[in-house]
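Chemist: Shown below is the structure under consideration.
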Amino acid sequence: MDAHEDLERTVNLITALVFYTYRPDYDKEFVAVVGPALAASLPCDHLPPGWEPGDGPEYPEAGC
């Protein structure tokens with residue numbers, strides 16, 4: 001699996017997790033653990049064009 005496939009798979013998993021939270025009976029602890037783990041696995045050097053990291057909310061440092 002190359003880096004592009006890995007990124008695509010991770011984004012798909014994050015998307016699925018977001019849709020999962022719309023279920024009335026979703027497991028909040030599962031989302032609280034899996035969400036940050038998936039986000040941490042995103043590469044720090046692959047940002048969409050025009051995306052500015054400072055435009056969003058405050059997050060803990062990723063260590064990149």
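Lettering and numbering for the structure tokens are positional, with chains as A, B, ... in the shown order, residues counted from 1 in each chain, and ligands counted from 1 in the shown order.
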With a distance cut-off of 12 Å and only C-alpha atoms, select the neighbouring residues of Leu17 of chain A, excluding the residue or stretch itself and same-chain residues fewer than 2 positions from it, and output the selection as a PyMOL selection string.
Modeler: chain A and resi 10-15+19-23+26-28+30-39
